[in-house]
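Text of query11.pdb, listed as PDB, C-alpha atoms:
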```pdb
ATOM      1  CA  MET A   8      -5.945  -4.973  20.937  1.00  0.00           C
ATOM      2  CA  THR A   9      -9.165  -3.717  22.461  1.00  0.00           C
ATOM      3  CA  THR A  10     -12.161  -2.862  20.327  1.00  0.00           C
ATOM      4  CA  ALA A  11     -11.955   0.832  21.271  1.00  0.00           C
ATOM      5  CA  ILE A  12      -8.313   1.094  20.180  1.00  0.00           C
ATOM      6  CA  ARG A  13      -9.003  -0.866  17.004  1.00  0.00           C
ATOM      7  CA  ALA A  14     -11.945   1.431  16.175  1.00  0.00           C
ATOM      8  CA  ARG A  15      -9.783   4.561  16.482  1.00  0.00           C
ATOM      9  CA  SER A  16      -7.137   3.095  14.197  1.00  0.00           C
ATOM     10  CA  MET A  17      -9.734   2.354  11.497  1.00  0.00           C
ATOM     11  CA  LEU A  18     -11.406   5.214   9.637  1.00  0.00           C
ATOM     12  CA  THR A  19     -14.699   5.142   7.788  1.00  0.00           C
ATOM     13  CA  LEU A  20     -14.865   6.253   4.193  1.00  0.00           C
ATOM     14  CA  ALA A  21     -16.756   9.371   5.282  1.00  0.00           C
ATOM     15  CA  GLU A  22     -13.987  10.277   7.760  1.00  0.00           C
ATOM     16  CA  VAL A  23     -11.286   9.816   5.129  1.00  0.00           C
ATOM     17  CA  CYS A  24     -13.182  11.858   2.531  1.00  0.00           C
ATOM     18  CA  GLU A  25     -13.727  14.632   5.061  1.00  0.00           C
ATOM     19  CA  GLU A  26     -10.064  14.652   6.064  1.00  0.00           C
ATOM     20  CA  LEU A  27      -8.926  14.771   2.424  1.00  0.00           C
ATOM     21  CA  SER A  28     -11.684  17.217   1.408  1.00  0.00           C
ATOM     22  CA  VAL A  29     -12.808  15.017  -1.476  1.00  0.00           C
ATOM     23  CA  SER A  30     -16.166  13.596  -2.439  1.00  0.00           C
ATOM     24  CA  ARG A  31     -17.018   9.935  -2.062  1.00  0.00           C
ATOM     25  CA  SER A  32     -17.152   9.624  -5.867  1.00  0.00           C
ATOM     26  CA  THR A  33     -13.623  11.049  -6.156  1.00  0.00           C
ATOM     27  CA  PHE A  34     -12.366   8.519  -3.622  1.00  0.00           C
ATOM     28  CA  TYR A  35     -14.028   5.668  -5.544  1.00  0.00           C
ATOM     29  CA  ASP A  36     -12.475   6.984  -8.762  1.00  0.00           C
ATOM     30  CA  TRP A  37      -9.028   6.964  -7.115  1.00  0.00           C
ATOM     31  CA  ARG A  38      -9.707   3.458  -5.838  1.00  0.00           C
ATOM     32  CA  ALA A  39     -10.685   2.226  -9.310  1.00  0.00           C
ATOM     33  CA  LYS A  40      -7.427   3.694 -10.659  1.00  0.00           C
ATOM     34  CA  ARG A  41      -5.450   2.139  -7.766  1.00  0.00           C
ATOM     35  CA  ARG A  42      -4.469   5.586  -6.483  1.00  0.00           C
ATOM     36  CA  ALA A  43      -6.326   5.485  -3.160  1.00  0.00           C
ATOM     37  CA  PRO A  44      -4.948   4.327   0.179  1.00  0.00           C
ATOM     38  CA  ARG A  45      -5.333   0.635   0.992  1.00  0.00           C
ATOM     39  CA  CYS A  46      -8.864  -0.244   2.011  1.00  0.00           C
ATOM     40  CA  ILE A  47     -10.415  -3.069   3.975  1.00  0.00           C
ATOM     41  CA  LYS A  48     -13.774  -4.228   2.672  1.00  0.00           C
ATOM     42  CA  LEU A  49     -16.012  -5.461   5.463  1.00  0.00           C
ATOM     43  CA  PRO A  50     -18.495  -8.311   4.945  1.00  0.00           C
ATOM     44  CA  ASN A  51     -21.340  -5.775   4.705  1.00  0.00           C
ATOM     45  CA  GLY A  52     -19.524  -3.959   1.859  1.00  0.00           C
ATOM     46  CA  ASP A  53     -18.423  -0.944   3.914  1.00  0.00           C
ATOM     47  CA  LEU A  54     -14.839   0.229   3.549  1.00  0.00           C
ATOM     48  CA  ARG A  55     -12.404   1.006   6.342  1.00  0.00           C
ATOM     49  CA  ILE A  56      -8.976   2.566   6.037  1.00  0.00           C
ATOM     50  CA  ARG A  57      -6.286   2.041   8.635  1.00  0.00           C
ATOM     51  CA  ARG A  58      -4.957   5.316  10.035  1.00  0.00           C
ATOM     52  CA  SER A  59      -1.410   4.066   9.381  1.00  0.00           C
ATOM     53  CA  ASP A  60      -2.237   3.271   5.715  1.00  0.00           C
ATOM     54  CA  LEU A  61      -3.712   6.738   5.208  1.00  0.00           C
ATOM     55  CA  ASP A  62      -0.688   8.375   6.844  1.00  0.00           C
ATOM     56  CA  HIS A  63       1.734   6.380   4.652  1.00  0.00           C
ATOM     57  CA  TRP A  64      -0.319   7.180   1.546  1.00  0.00           C
ATOM     58  CA  LEU A  65      -0.196  10.898   2.376  1.00  0.00           C
ATOM     59  CA  GLU A  66       3.567  10.741   2.939  1.00  0.00           C
ATOM     60  CA  ASP A  67       3.996   9.096  -0.466  1.00  0.00           C
ATOM     61  CA  ARG A  68       1.964  11.880  -2.110  1.00  0.00           C
ATOM     62  CA  GLU A  69       4.124  14.473  -0.364  1.00  0.00           C
ATOM     63  CA  ASP A  70       7.326  12.847  -1.609  1.00  0.00           C
ATOM     64  CA  ALA A  71       5.954  12.603  -5.156  1.00  0.00           C
ATOM     65  CA  ALA A  72       4.998  16.277  -5.167  1.00  0.00           C
ATOM     66  CA  ARG A  73       8.306  17.374  -3.687  1.00  0.00           C
ATOM     67  CA  TRP A  74      10.515  15.510  -6.193  1.00  0.00           C
ATOM     68  CA  ARG A  75       8.477  15.867  -9.380  1.00  0.00           C
ATOM     69  CA  PRO A  76      10.364  18.042 -11.879  1.00  0.00           C
ATOM     70  CA  ARG A  77       8.407  21.027 -13.104  1.00  0.00           C
ATOM     71  CA  THR A  78       7.545  21.230 -16.759  1.00  0.00           C
ATOM     72  CA  THR A  79       7.034  24.647 -18.248  1.00  0.00           C
TER      73      THR A  79
END
```

Show this structure as structure tokens.
Amino acid sequence: MTTAIRARSMLTLAEVCEELSVSRSTFYDWRAKRRAPRCIKLPNGDLRIRRSDLDHWLEDREDAARWRPRTT
């Protein structure tokens, strides 16, 4: 896999937060609660999220919302 292709398939934390419309602190809170998409921690401490992991995570959230019974 070339570096350019690999770079497009990996998102920065800022890109993910922007796409999800959440703050960085919210993402870190989700991560601490194990509710965030899978992350890769680079040697410098930065996080990257694979596009495929984010897409799967979003699909799982959609399924959970669709099948959750309403309580009134």

Name the residues that the PyMOL selection byres ((chain A and resi 44-55) around 6) pulls out of this structure, and write them as a short mmCIF file (atom, residue, chain, number, x, y, z; two decimals) with C-alpha atoms, in the coordinates of the input.
```cif
data_model
loop_
_atom_site.label_atom_id
_atom_site.label_comp_id
_atom_site.auth_asym_id
_atom_site.auth_seq_id
_atom_site.Cartn_x
_atom_site.Cartn_y
_atom_site.Cartn_z
CA MET A 17 -9.73 2.35 11.50
CA LEU A 18 -11.41 5.21 9.64
CA THR A 19 -14.70 5.14 7.79
CA ALA A 43 -6.33 5.48 -3.16
CA ILE A 56 -8.98 2.57 6.04
CA LEU A 61 -3.71 6.74 5.21
CA TRP A 64 -0.32 7.18 1.55
#
```

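CA of Ser32 (chain A) to CA of Leu20 (chain A) spans 10.9 Å [interatomic distance, one decimal].
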
Residue with smallest distance to Glu26 (chain A) - pool A:His63, A:Arg68, A:Arg38, A:Arg58, counting only C-alpha atoms: A:Arg58

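Here CA of Asp62 (chain A) stands at a distance of 16.6 Å from CA of Arg41 (chain A).
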
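Pairwise distance (CA of Lys40 (chain A), CA of Ser16 (chain A)) equals 24.9 Å.
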